[in-house]
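structure.txt (compact mmCIF, C-alpha atoms and all ligand atoms)
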```txt
# COMPACT_ATOMS: atom_id res chain seq x y z
CA MET V 1 0.00 0.00 0.00
CA GLU V 2 1.55 3.29 -1.08
CA HIS V 3 -1.09 5.50 0.60
CA GLU V 4 -0.62 6.86 4.10
CA LEU V 5 -4.23 6.60 5.14
CA VAL V 6 -7.52 5.55 3.60
CA ILE V 7 -10.81 5.73 5.47
CA THR V 8 -14.36 4.95 4.49
CA ARG V 9 -17.05 6.10 6.95
CA ARG V 10 -20.81 5.97 6.72
CA GLY V 11 -22.17 9.47 7.07
CA HIS V 12 -24.53 9.51 10.04
CA ARG V 13 -27.07 11.77 8.29
CA THR V 14 -27.21 10.01 4.92
CA GLY V 15 -25.81 6.53 5.60
CA LEU V 16 -23.64 6.89 2.49
CA PRO V 17 -20.04 5.63 2.53
CA ILE V 18 -17.59 8.54 2.27
CA THR V 19 -14.01 7.70 1.32
CA VAL V 20 -11.01 9.91 1.93
CA ALA V 21 -7.66 8.72 0.58
CA VAL V 22 -4.57 10.50 1.87
CA HIS V 23 -1.78 9.53 -0.48
CA SER V 24 1.00 11.56 1.09
CA THR V 25 1.56 14.26 3.72
CA ALA V 26 5.34 14.13 3.31
CA ARG V 27 5.43 17.68 1.90
CA GLY V 28 2.58 18.95 4.09
CA MET V 29 -1.17 18.57 4.61
CA ALA V 30 -2.77 16.54 1.81
CA ALA V 31 -5.03 18.53 -0.52
CA GLY V 32 -7.44 17.38 -3.21
CA GLY V 33 -11.02 17.80 -4.32
CA CYS V 34 -14.29 16.21 -3.26
CA ARG V 35 -15.88 14.13 -6.02
CA LEU V 36 -19.60 13.25 -5.91
CA THR V 37 -20.53 10.99 -8.77
CA HIS V 38 -22.08 7.66 -9.72
CA TYR V 39 -20.15 4.38 -9.63
CA PRO V 40 -21.37 0.82 -10.16
CA HIS V 41 -20.49 0.05 -6.50
CA TRP V 42 -19.18 2.15 -3.60
CA ARG V 43 -15.97 0.06 -3.61
CA ASP V 44 -15.27 1.50 -7.08
CA ALA V 45 -15.27 4.93 -5.42
CA VAL V 46 -12.51 3.70 -3.08
CA THR V 47 -10.44 2.55 -6.07
CA ASP V 48 -10.95 5.92 -7.75
CA ALA V 49 -9.97 7.76 -4.55
CA LEU V 50 -6.68 5.79 -4.44
CA ARG V 51 -5.86 6.75 -8.04
CA LEU V 52 -6.96 10.38 -7.82
CA SER V 53 -5.20 11.06 -4.51
CA ALA V 54 -1.89 9.72 -5.90
CA ALA V 55 -2.30 12.02 -8.92
CA MET V 56 -2.84 14.95 -6.52
CA THR V 57 0.54 14.29 -4.88
CA GLY V 58 2.06 14.66 -8.34
CA LYS V 59 0.15 17.87 -8.97
CA THR V 60 1.08 19.55 -5.66
CA THR V 61 4.70 18.44 -6.09
CA LEU V 62 5.00 19.92 -9.59
CA ALA V 63 3.23 23.08 -8.40
CA GLY V 64 5.97 23.45 -5.77
CA LEU V 65 3.37 23.60 -2.98
CA PRO V 66 4.22 22.46 0.56
CA LEU V 67 1.21 20.15 0.37
CA GLY V 68 0.59 16.47 -0.30
CA GLY V 69 -2.13 14.67 -2.20
CA GLY V 70 -5.53 13.41 -1.12
CA LYS V 71 -9.07 13.00 -2.42
CA THR V 72 -12.61 12.56 -1.16
CA VAL V 73 -14.96 10.40 -3.21
CA VAL V 74 -18.62 9.62 -2.56
CA ALA V 75 -20.52 7.17 -4.75
CA LEU V 76 -23.99 8.63 -5.24
CA PRO V 77 -26.77 6.03 -5.21
CA ALA V 78 -28.63 5.33 -8.44
CA GLY V 79 -32.09 6.88 -8.53
CA HIS V 80 -33.09 8.87 -5.46
CA LEU V 81 -30.33 11.33 -4.47
CA PRO V 82 -29.64 12.07 -0.81
CA ASP V 83 -30.28 15.48 0.69
CA ARG V 84 -27.30 17.45 -0.64
CA ARG V 85 -26.75 19.57 2.44
CA ALA V 86 -26.84 16.51 4.71
CA LEU V 87 -24.32 14.74 2.50
CA LEU V 88 -21.95 17.72 2.48
CA LEU V 89 -22.15 17.97 6.28
CA ASP V 90 -21.33 14.24 6.46
CA VAL V 91 -18.31 14.91 4.22
CA GLY V 92 -17.30 17.82 6.49
CA ASP V 93 -17.47 15.58 9.58
CA THR V 94 -15.28 12.96 7.89
CA ILE V 95 -12.66 15.55 6.98
CA ALA V 96 -12.79 17.02 10.51
CA PHE V 97 -12.22 13.49 11.85
CA LEU V 98 -8.85 13.47 10.05
CA GLY V 99 -7.69 16.35 12.24
CA GLY V 100 -5.85 18.46 9.64
CA ARG V 101 -4.12 15.71 7.66
CA TYR V 102 -6.27 16.58 4.64
CA ALA V 103 -8.18 19.55 3.18
CA THR V 104 -10.75 19.40 0.41
CA GLY V 105 -11.88 21.59 -2.47
CA PRO V 106 -14.19 21.35 -5.51
CA ASP V 107 -14.00 18.51 -8.03
CA VAL V 108 -16.44 16.70 -10.33
CA GLY V 109 -19.93 17.17 -8.84
CA THR V 110 -19.02 19.90 -6.34
CA GLY V 111 -18.37 23.65 -6.46
CA PRO V 112 -17.47 26.59 -4.23
CA ASP V 113 -20.97 26.78 -2.65
CA ASP V 114 -20.62 23.15 -1.54
CA MET V 115 -17.28 24.03 0.07
CA ALA V 116 -19.08 26.65 2.16
CA VAL V 117 -21.37 23.90 3.56
CA ILE V 118 -18.46 21.52 4.21
CA GLY V 119 -16.77 24.49 5.90
CA GLU V 120 -19.55 24.52 8.52
CA ARG V 121 -18.05 21.28 9.89
CA THR V 122 -14.31 21.73 9.25
CA GLU V 123 -11.83 24.51 8.62
CA HIS V 124 -9.86 22.22 6.30
CA VAL V 125 -11.50 23.30 3.08
CA PHE V 126 -10.52 25.62 0.21
CA CYS V 127 -12.16 27.36 -2.75
CA ARG V 128 -15.10 28.58 -0.66
CA PRO V 129 -16.98 31.55 -2.16
CA ALA V 130 -15.72 34.99 -1.22
CA SER V 131 -19.00 35.53 0.70
CA ALA V 132 -17.99 32.62 2.97
CA GLY V 133 -14.47 33.96 3.50
CA GLY V 134 -12.87 31.91 0.72
CA SER V 135 -10.91 32.73 -2.40
CA GLY V 136 -13.86 32.20 -4.78
CA ASP V 137 -13.94 30.83 -8.31
CA SER V 138 -10.49 29.61 -9.35
CA SER V 139 -10.91 29.68 -13.13
CA GLU V 140 -9.33 33.12 -13.59
CA HIS V 141 -6.22 31.96 -11.72
CA THR V 142 -6.11 28.74 -13.73
CA ALA V 143 -6.09 30.96 -16.84
CA THR V 144 -3.24 33.05 -15.40
CA GLY V 145 -1.24 29.84 -15.03
CA VAL V 146 -2.10 28.84 -18.60
CA ILE V 147 -0.71 32.14 -19.91
CA ALA V 148 2.53 31.60 -17.94
CA ALA V 149 2.71 28.10 -19.46
CA LEU V 150 2.08 29.42 -23.00
CA ARG V 151 5.01 31.82 -22.68
CA ALA V 152 7.28 28.93 -21.67
CA VAL V 153 6.02 26.83 -24.59
CA CYS V 154 6.53 29.66 -27.08
CA ARG V 155 10.04 30.32 -25.79
CA GLN V 156 10.93 26.64 -26.14
CA ARG V 157 9.25 26.05 -29.50
CA PHE V 158 9.69 29.40 -31.28
CA GLY V 159 12.60 31.04 -29.40
CA SER V 160 10.54 33.88 -27.87
CA PRO V 161 8.00 34.02 -25.02
CA ASP V 162 6.07 36.78 -26.80
CA LEU V 163 2.42 35.96 -27.43
CA ALA V 164 1.74 38.94 -29.71
CA GLY V 165 1.17 37.84 -33.29
CA ARG V 166 1.22 34.12 -32.39
CA ARG V 167 -1.69 31.97 -33.56
CA PHE V 168 -3.69 30.07 -30.92
CA ALA V 169 -6.74 27.80 -31.16
CA ILE V 170 -8.83 27.62 -27.97
CA LEU V 171 -11.00 24.52 -27.77
CA GLY V 172 -13.67 25.25 -25.14
CA LEU V 173 -14.81 28.74 -24.14
CA GLY V 174 -16.11 27.91 -20.67
CA ARG V 175 -14.92 29.46 -17.44
CA VAL V 176 -11.18 28.97 -18.01
CA GLY V 177 -11.25 29.15 -21.82
CA GLY V 178 -13.14 32.46 -21.66
CA HIS V 179 -10.47 34.01 -19.46
CA VAL V 180 -7.67 32.63 -21.67
CA LEU V 181 -9.41 34.15 -24.71
CA ARG V 182 -9.56 37.56 -23.03
CA LEU V 183 -5.94 37.47 -21.84
CA LEU V 184 -4.59 36.37 -25.24
CA ALA V 185 -6.64 39.00 -27.05
CA ALA V 186 -5.07 41.62 -24.75
CA GLU V 187 -1.66 40.31 -25.86
CA ARG V 188 -2.69 40.87 -29.52
CA ALA V 189 -2.51 37.18 -30.40
CA HIS V 190 -4.34 35.75 -33.46
CA LEU V 191 -7.18 33.60 -32.18
CA VAL V 192 -9.41 30.77 -33.35
CA ALA V 193 -12.00 29.41 -30.91
CA ALA V 194 -14.71 26.74 -30.65
CA ASP V 195 -17.20 25.31 -28.18
CA THR V 196 -20.13 22.91 -28.41
CA GLU V 197 -22.28 25.73 -26.98
CA ASP V 198 -22.86 28.85 -29.08
CA ARG V 199 -20.26 31.25 -27.75
CA GLY V 200 -19.58 32.89 -31.13
CA ALA V 201 -20.48 36.36 -29.79
CA LEU V 202 -17.89 36.00 -27.00
CA ALA V 203 -15.27 34.94 -29.55
CA ALA V 204 -16.14 37.85 -31.87
CA ARG V 205 -15.92 40.34 -28.98
CA HIS V 206 -12.26 39.39 -28.61
CA GLY V 207 -11.52 39.27 -32.33
CA ALA V 208 -11.36 35.46 -32.51
CA THR V 209 -12.48 33.46 -35.54
CA TRP V 210 -15.34 31.13 -34.55
CA VAL V 211 -15.02 27.59 -35.97
CA SER V 212 -16.42 24.13 -35.27
CA PRO V 213 -14.72 22.02 -32.52
CA ARG V 214 -13.47 19.67 -35.23
CA ASP V 215 -11.84 22.50 -37.22
CA CYS V 216 -10.43 23.99 -34.02
CA LEU V 217 -8.69 20.73 -33.13
CA ALA V 218 -7.14 20.57 -36.62
CA ALA V 219 -6.45 24.32 -36.95
CA ASP V 220 -3.18 25.42 -38.54
CA VAL V 221 -1.90 27.37 -35.52
CA ASP V 222 1.20 27.70 -33.37
CA VAL V 223 -0.45 26.39 -30.19
CA LEU V 224 -3.63 24.41 -29.57
CA ILE V 225 -5.20 25.14 -26.15
CA PRO V 226 -7.46 22.31 -24.93
CA ALA V 227 -9.91 23.94 -22.49
CA ALA V 228 -12.89 21.57 -22.63
CA LEU V 229 -12.98 17.91 -21.66
CA GLY V 230 -10.08 15.50 -21.22
CA GLY V 231 -9.15 12.57 -23.45
CA LEU V 232 -9.08 14.54 -26.73
CA LEU V 233 -5.56 13.48 -27.71
CA THR V 234 -5.78 9.93 -29.05
CA ALA V 235 -4.17 7.75 -31.71
CA ALA V 236 -7.12 8.78 -33.93
CA SER V 237 -6.97 12.56 -33.34
CA VAL V 238 -3.18 13.13 -33.31
CA PRO V 239 -2.66 12.51 -37.08
CA ALA V 240 -5.15 15.31 -37.88
CA LEU V 241 -3.38 17.95 -35.76
CA ARG V 242 -1.68 20.85 -37.55
CA CYS V 243 -0.42 22.79 -34.51
CA ALA V 244 3.23 23.04 -33.47
CA ALA V 245 2.52 22.78 -29.74
CA ILE V 246 -0.27 22.00 -27.28
CA ALA V 247 -0.80 23.55 -23.84
CA GLY V 248 -4.09 24.04 -22.03
CA PRO V 249 -6.02 23.61 -18.79
CA ALA V 250 -8.15 20.55 -19.66
CA ASN V 251 -7.37 17.70 -17.29
CA ASN V 252 -6.14 14.33 -18.59
CA GLN V 253 -5.74 15.40 -22.23
CA LEU V 254 -4.05 12.14 -23.29
CA ASP V 255 -6.33 9.10 -23.56
CA VAL V 256 -3.39 6.87 -22.63
CA PRO V 257 0.20 7.78 -21.64
CA ALA V 258 1.60 6.38 -24.94
CA THR V 259 -0.14 9.19 -26.87
CA ALA V 260 2.66 11.48 -25.60
CA ASP V 261 5.04 9.45 -27.79
CA LEU V 262 2.79 9.89 -30.84
CA LEU V 263 2.86 13.66 -30.36
CA HIS V 264 6.64 13.57 -29.92
CA GLU V 265 7.04 11.56 -33.15
CA ARG V 266 4.97 14.16 -35.00
CA GLY V 267 7.19 16.95 -33.64
CA ILE V 268 4.33 18.48 -31.63
CA LEU V 269 5.46 19.87 -28.28
CA TRP V 270 2.94 18.80 -25.61
CA ALA V 271 3.00 20.59 -22.25
CA PRO V 272 1.72 18.17 -19.58
CA ASP V 273 -1.66 19.35 -18.27
CA VAL V 274 -0.76 18.42 -14.70
CA VAL V 275 1.61 21.44 -14.77
CA VAL V 276 -0.36 23.80 -17.04
CA SER V 277 -3.69 23.48 -15.17
CA ALA V 278 -2.40 24.03 -11.62
CA GLY V 279 -3.14 27.78 -11.27
CA GLY V 280 -6.53 27.40 -9.60
CA LEU V 281 -5.26 24.87 -7.09
CA ILE V 282 -2.19 26.99 -6.38
CA HIS V 283 -4.23 30.15 -5.82
CA ALA V 284 -6.91 28.59 -3.61
CA THR V 285 -4.55 26.59 -1.40
CA ALA V 286 -1.93 29.35 -1.15
CA VAL V 287 -4.60 31.84 -0.04
CA GLU V 288 -6.84 29.67 2.15
CA LEU V 289 -4.54 26.95 3.53
CA LEU V 290 -1.09 28.58 3.47
CA HIS V 291 -2.34 32.15 4.16
CA GLU V 292 0.21 33.67 1.77
CA THR V 293 0.39 37.31 0.67
CA PRO V 294 -0.87 38.35 -2.81
CA GLU V 295 2.78 38.78 -3.88
CA GLN V 296 3.68 35.25 -2.80
CA VAL V 297 0.62 33.83 -4.57
CA ALA V 298 1.43 35.75 -7.77
CA ALA V 299 4.99 34.42 -7.66
CA ARG V 300 3.68 30.85 -7.37
CA LEU V 301 1.39 31.33 -10.39
CA HIS V 302 4.26 32.81 -12.38
CA GLY V 303 6.35 29.80 -11.26
CA ILE V 304 4.20 27.53 -13.44
CA GLY V 305 6.06 29.00 -16.43
CA ASP V 306 9.47 28.43 -14.81
CA THR V 307 8.64 24.84 -13.88
CA LEU V 308 7.37 24.10 -17.37
CA ALA V 309 10.41 25.76 -18.98
CA THR V 310 12.71 23.47 -16.97
CA ILE V 311 10.66 20.41 -17.93
CA LEU V 312 10.63 21.31 -21.64
CA GLN V 313 14.34 22.11 -21.65
CA THR V 314 15.21 18.84 -19.88
CA ALA V 315 13.07 16.91 -22.35
CA ALA V 316 14.77 18.62 -25.30
CA THR V 317 18.29 17.97 -24.07
CA THR V 318 17.69 14.36 -23.04
CA GLY V 319 15.52 13.43 -26.03
CA VAL V 320 12.55 12.20 -24.00
CA THR V 321 9.00 13.54 -23.89
CA PRO V 322 7.93 16.21 -21.38
CA ALA V 323 5.54 13.58 -19.99
CA THR V 324 8.49 11.34 -19.18
CA VAL V 325 10.32 14.20 -17.44
CA VAL V 326 7.20 14.88 -15.34
CA ASP V 327 7.00 11.21 -14.31
CA GLN V 328 10.70 11.27 -13.39
CA LEU V 329 10.31 14.42 -11.28
CA ILE V 330 7.37 12.99 -9.35
CA THR V 331 9.16 9.68 -8.73
CA GLN V 332 12.34 11.45 -7.60
CA ASP V 333 10.38 13.59 -5.17
CA GLN V 334 8.54 10.61 -3.71
CA ASP V 335 11.80 8.65 -3.37
CA ARG V 336 13.37 11.59 -1.58
CA PHE V 337 10.57 11.68 0.98
CA ALA V 338 10.41 7.89 1.24
CA VAL V 339 14.08 7.87 2.33
CA ARG V 340 13.42 10.56 4.92
CA HIS V 341 10.43 8.79 6.49
N1 LIG I 401 -12.00 25.73 -13.57
C1 LIG I 401 -10.73 25.55 -13.16
O1 LIG I 401 -10.18 26.35 -12.39
C2 LIG I 401 -9.95 24.38 -13.68
C3 LIG I 401 -8.75 24.03 -13.02
C4 LIG I 401 -7.98 22.98 -13.52
C5 LIG I 401 -8.42 22.29 -14.65
N2 LIG I 401 -9.60 22.63 -15.25
C6 LIG I 401 -10.02 21.87 -16.42
O2 LIG I 401 -10.10 22.75 -17.53
C7 LIG I 401 -11.18 22.34 -18.38
C8 LIG I 401 -12.18 23.49 -18.53
O3 LIG I 401 -12.65 23.84 -17.23
P1 LIG I 401 -13.78 24.94 -17.03
O4 LIG I 401 -13.86 25.18 -15.56
O5 LIG I 401 -13.55 26.07 -17.94
O6 LIG I 401 -15.05 24.11 -17.47
P2 LIG I 401 -16.41 24.68 -18.12
O7 LIG I 401 -17.39 23.60 -17.97
O8 LIG I 401 -16.72 26.03 -17.60
O9 LIG I 401 -16.02 24.86 -19.67
C9 LIG I 401 -15.85 23.80 -20.55
C10 LIG I 401 -16.35 24.25 -21.91
O10 LIG I 401 -16.05 23.24 -22.86
C11 LIG I 401 -17.17 23.11 -23.72
N3 LIG I 401 -17.10 21.79 -24.35
C12 LIG I 401 -17.49 20.60 -23.86
N4 LIG I 401 -17.24 19.62 -24.75
C13 LIG I 401 -16.68 20.21 -25.82
C14 LIG I 401 -16.18 19.74 -27.06
N5 LIG I 401 -16.22 18.44 -27.36
N6 LIG I 401 -15.66 20.63 -27.92
C15 LIG I 401 -15.61 21.95 -27.62
N7 LIG I 401 -16.07 22.46 -26.45
C16 LIG I 401 -16.58 21.60 -25.56
C17 LIG I 401 -18.36 23.34 -22.84
O11 LIG I 401 -19.50 23.72 -23.58
C18 LIG I 401 -17.85 24.48 -21.93
O12 LIG I 401 -18.13 25.76 -22.49
C19 LIG I 401 -11.76 21.07 -17.74
O13 LIG I 401 -11.10 19.95 -18.29
C20 LIG I 401 -11.38 21.23 -16.29
O14 LIG I 401 -11.31 19.98 -15.63
C21 LIG I 401 -10.36 23.66 -14.79
```

Written as structure tokens, how would this file's structure read?
Amino acid sequence: MEHELVITRRGHRTGLPITVAVHSTARGMAAGGCRLTHYPHWRDAVTDALRLSAAMTGKTTLAGLPLGGGKTVVALPAGHLPDRRALLLDVGDTIAFLGGRYATGPDVGTGPDDMAVIGERTEHVFCRPASAGGSGDSSEHTATGVIAALRAVCRQRFGSPDLAGRRFAILGLGRVGGHVLRLLAAERAHLVAADTEDRGALAARHGATWVSPRDCLAADVDVLIPAALGGLLTAASVPALRCAAIAGPANNQLDVPATADLLHERGILWAPDVVVSAGGLIHATAVELLHETPEQVAARLHGIGDTLATILQTAATTGVTPATVVDQLITQDQDRFAVRH
């Protein structure tokens, strides 16, 4: 067992099993979101919590945060849903029971308002709305991190971090994609954008050309920015790509790890999403858990670009993919702490 602690408790209000997996506190308190979703069986939620909490240790490590990785997962019953407030209070009690080893935030099926309810039972929660004393919606900060990452990608791929005049295709104009669109337009970049929802007016407002999601994915641009769902980079989609690089906030962009090799073979520079997407997590935890100053938080967000630059440079000089460098960094960090403990 590589996890430090895994508990499953029945919530006393709802009777539902709530699992918290603490993968590692070697760097500090474990952090990771609370996922409420359907699984075939509650034991599948435990399996998912093990996987997701280990991934969070990688994410906090690469973000340079003095935090470890954890996750809360609740398998919602099929059919009749439990009272949401009661369930969130049950989650809050379970996190309080862990006495500060773990703090939670939003994930699939939860948002900032839910964090405010969990916060009625435990202080170990982040991303609460500003009205509840939290740092609010994180998407703007995720976008700030994406821009820092895009500069690092452009410096590595084109020799200059300047975004002005570069061509970007943004796939997904939701909360993060909308902010990225605005920030890139302010940099005078050339923009193409798509979404499955009609957000053509938003694109036009920022001078972007509105295309279909299919055309966006295959657009002839410098950098493709995945900002919708994960799993879009596959053995089927990679041959159609015409971009020189890919960097965006969407989680789990590769369908399987081997797709990183396909991108490498095609000469497309892929920036691992685990680094690019960390801005929201960095901002919320730095403000609410680490109580850092705005200057310290800004430096951490800017640091996404420095971390990515090091990863891309190491990959270029050693001839491996950036994904391989990321795996090596996470393993080295875990080995370092394993020796110490
Ligand atoms: N919000 C954050 O702070 C944050 C942090 C880290 C990672 N992410 C990841 O970034 C991605 C975007 O997050 P978000 O908060 O902006 O989500 P969102 O739901 O606000 O936006 C996603 C957008 O993608 C669109 N979309 C869905 N399927 C599409 C498709 N096939 N083609 C084109 N567009 C499609 C949706 O209509 C929506 O407008 C997600 O993968 C999310 O997990 C978000």

Next item on the list: One decimal, Å: what's the distance from atom N3 of ligand LIG 401 (chain I) over to CA of Val223 in chain V, could you say?
Entry: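 Going from atom N3 of ligand LIG 401 (chain I) over to CA of Val223 in chain V, I get 18.2 Å.
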
Note to self: What's around range 234-247 of chain V at 7 Å? Count only C-alpha atoms, leave out sequence neighbours fewer than 4 positions away in its own chain, and write the answer as a ChimeraX atom specification.
What the structure shows: /V:150,217-226,254-255,259,263,268-271,276

For chain V against ligand LIG 401 (chain I), with a cut-off of 9 Å and counting all atoms listed in the file, what is the closest atom pair and its distance in Å to one decimal for every residue that makes the cut, ordered by chain and number, as CSV?
```
residue,atom,partner,partner_atom,distance
V:Asp107,CA,I:LIG401,O14,8.2
V:Val108,CA,I:LIG401,O14,8.1
V:Asp137,CA,I:LIG401,O1,7.1
V:Ser138,CA,I:LIG401,O1,4.5
V:Ser139,CA,I:LIG401,O1,3.5
V:Glu140,CA,I:LIG401,O1,6.9
V:His141,CA,I:LIG401,O1,6.9
V:Thr142,CA,I:LIG401,O1,4.9
V:Ala143,CA,I:LIG401,O1,7.6
V:Ile170,CA,I:LIG401,C15,8.8
V:Leu171,CA,I:LIG401,C15,5.3
V:Gly172,CA,I:LIG401,O10,3.9
V:Leu173,CA,I:LIG401,O12,4.8
V:Gly174,CA,I:LIG401,O9,3.2
V:Arg175,CA,I:LIG401,O5,3.7
V:Val176,CA,I:LIG401,O5,3.7
V:Gly177,CA,I:LIG401,O5,5.5
V:Gly178,CA,I:LIG401,O5,7.4
V:His179,CA,I:LIG401,O5,8.7
V:Ala193,CA,I:LIG401,C15,8.9
V:Ala194,CA,I:LIG401,C15,5.7
V:Asp195,CA,I:LIG401,N7,3.5
V:Thr196,CA,I:LIG401,N7,4.5
V:Glu197,CA,I:LIG401,O11,4.8
V:Asp198,CA,I:LIG401,O11,8.2
V:Arg199,CA,I:LIG401,O12,7.9
V:Ser212,CA,I:LIG401,C15,8.0
V:Pro213,CA,I:LIG401,N6,4.9
V:Arg214,CA,I:LIG401,N6,7.7
V:Cys216,CA,I:LIG401,C15,8.5
V:Leu217,CA,I:LIG401,N6,8.7
V:Pro226,CA,I:LIG401,C7,7.5
V:Ala227,CA,I:LIG401,C8,4.6
V:Ala228,CA,I:LIG401,O10,3.6
V:Leu229,CA,I:LIG401,O13,4.4
V:Gly230,CA,I:LIG401,O13,5.4
V:Leu232,CA,I:LIG401,N5,8.2
V:Gly248,CA,I:LIG401,O2,7.6
V:Pro249,CA,I:LIG401,O2,4.4
V:Ala250,CA,I:LIG401,O13,3.3
V:Asn251,CA,I:LIG401,O13,4.5
V:Asn252,CA,I:LIG401,O13,7.5
V:Gln253,CA,I:LIG401,O13,8.1
V:Asp273,CA,I:LIG401,C5,8.2
V:Val274,CA,I:LIG401,C5,8.6
V:Val276,CA,I:LIG401,C4,8.4
V:Ser277,CA,I:LIG401,C4,4.6
V:Ala278,CA,I:LIG401,C4,6.0
V:Gly279,CA,I:LIG401,C3,7.0
V:Gly280,CA,I:LIG401,O1,4.7
V:Leu281,CA,I:LIG401,C3,6.9
```

Next item on the list: Identify which of the residues V:Arg121, V:Lys71, V:Arg182, V:Arg188 lies closest to His206 in chain V, counting all atoms listed in the file when measuring atom-to-atom distances.
Entry: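 Checking each candidate against His206 in chain V, we get V:Arg182 as the closest.
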
For range 174-181 of chain V, take all atoms listed in the file, fit an axis-aligned box around them, add 6 Å to each of the six sides, then output centre and edge lengths in Å rounded to one decimal, as JSON.
```
{"center_x": -11.9, "center_y": 31.0, "center_z": -21.1, "size_x": 20.4, "size_y": 18.2, "size_z": 19.3}
```

Using the structure block above, produce a file of range 233-248 of chain V that contains N, CA and C atoms, as a CSV table (one decimal), in the first residue's frame.
```
chain,number,residue,atom,x,y,z
V,233,LEU,N,-6.7,13.9,-26.9
V,233,LEU,CA,-5.6,13.5,-27.7
V,233,LEU,C,-5.5,12.0,-27.7
V,234,THR,N,-5.7,11.4,-28.9
V,234,THR,CA,-5.8,9.9,-29.1
V,234,THR,C,-5.0,9.5,-30.3
V,235,ALA,N,-4.8,8.2,-30.5
V,235,ALA,CA,-4.2,7.7,-31.7
V,235,ALA,C,-5.0,8.2,-32.9
V,236,ALA,N,-6.3,8.4,-32.8
V,236,ALA,CA,-7.1,8.8,-33.9
V,236,ALA,C,-7.0,10.3,-34.2
V,237,SER,N,-6.9,11.1,-33.1
V,237,SER,CA,-7.0,12.6,-33.3
V,237,SER,C,-5.6,13.1,-33.6
V,238,VAL,N,-4.5,12.5,-33.1
V,238,VAL,CA,-3.2,13.1,-33.3
V,238,VAL,C,-2.8,13.3,-34.8
V,239,PRO,N,-3.1,12.3,-35.7
V,239,PRO,CA,-2.7,12.5,-37.1
V,239,PRO,C,-3.3,13.7,-37.8
V,240,ALA,N,-4.5,14.2,-37.2
V,240,ALA,CA,-5.1,15.3,-37.9
V,240,ALA,C,-4.6,16.7,-37.4
V,241,LEU,N,-3.8,16.7,-36.3
V,241,LEU,CA,-3.4,18.0,-35.8
V,241,LEU,C,-2.5,18.7,-36.7
V,242,ARG,N,-2.6,20.0,-36.7
V,242,ARG,CA,-1.7,20.9,-37.6
V,242,ARG,C,-1.0,21.9,-36.7
V,243,CYS,N,-1.1,21.8,-35.4
V,243,CYS,CA,-0.4,22.8,-34.5
V,243,CYS,C,1.0,22.4,-34.3
V,244,ALA,N,1.8,23.3,-33.8
V,244,ALA,CA,3.2,23.0,-33.5
V,244,ALA,C,3.4,22.6,-32.0
V,245,ALA,N,2.4,23.1,-31.2
V,245,ALA,CA,2.5,22.8,-29.7
V,245,ALA,C,1.1,22.7,-29.1
V,246,ILE,N,1.0,22.1,-28.0
V,246,ILE,CA,-0.3,22.0,-27.3
V,246,ILE,C,0.0,22.3,-25.8
V,247,ALA,N,-0.9,23.2,-25.3
V,247,ALA,CA,-0.8,23.5,-23.8
V,247,ALA,C,-2.1,24.1,-23.4
V,248,GLY,N,-2.8,23.5,-22.5
V,248,GLY,CA,-4.1,24.0,-22.0
V,248,GLY,C,-4.5,23.5,-20.7
```
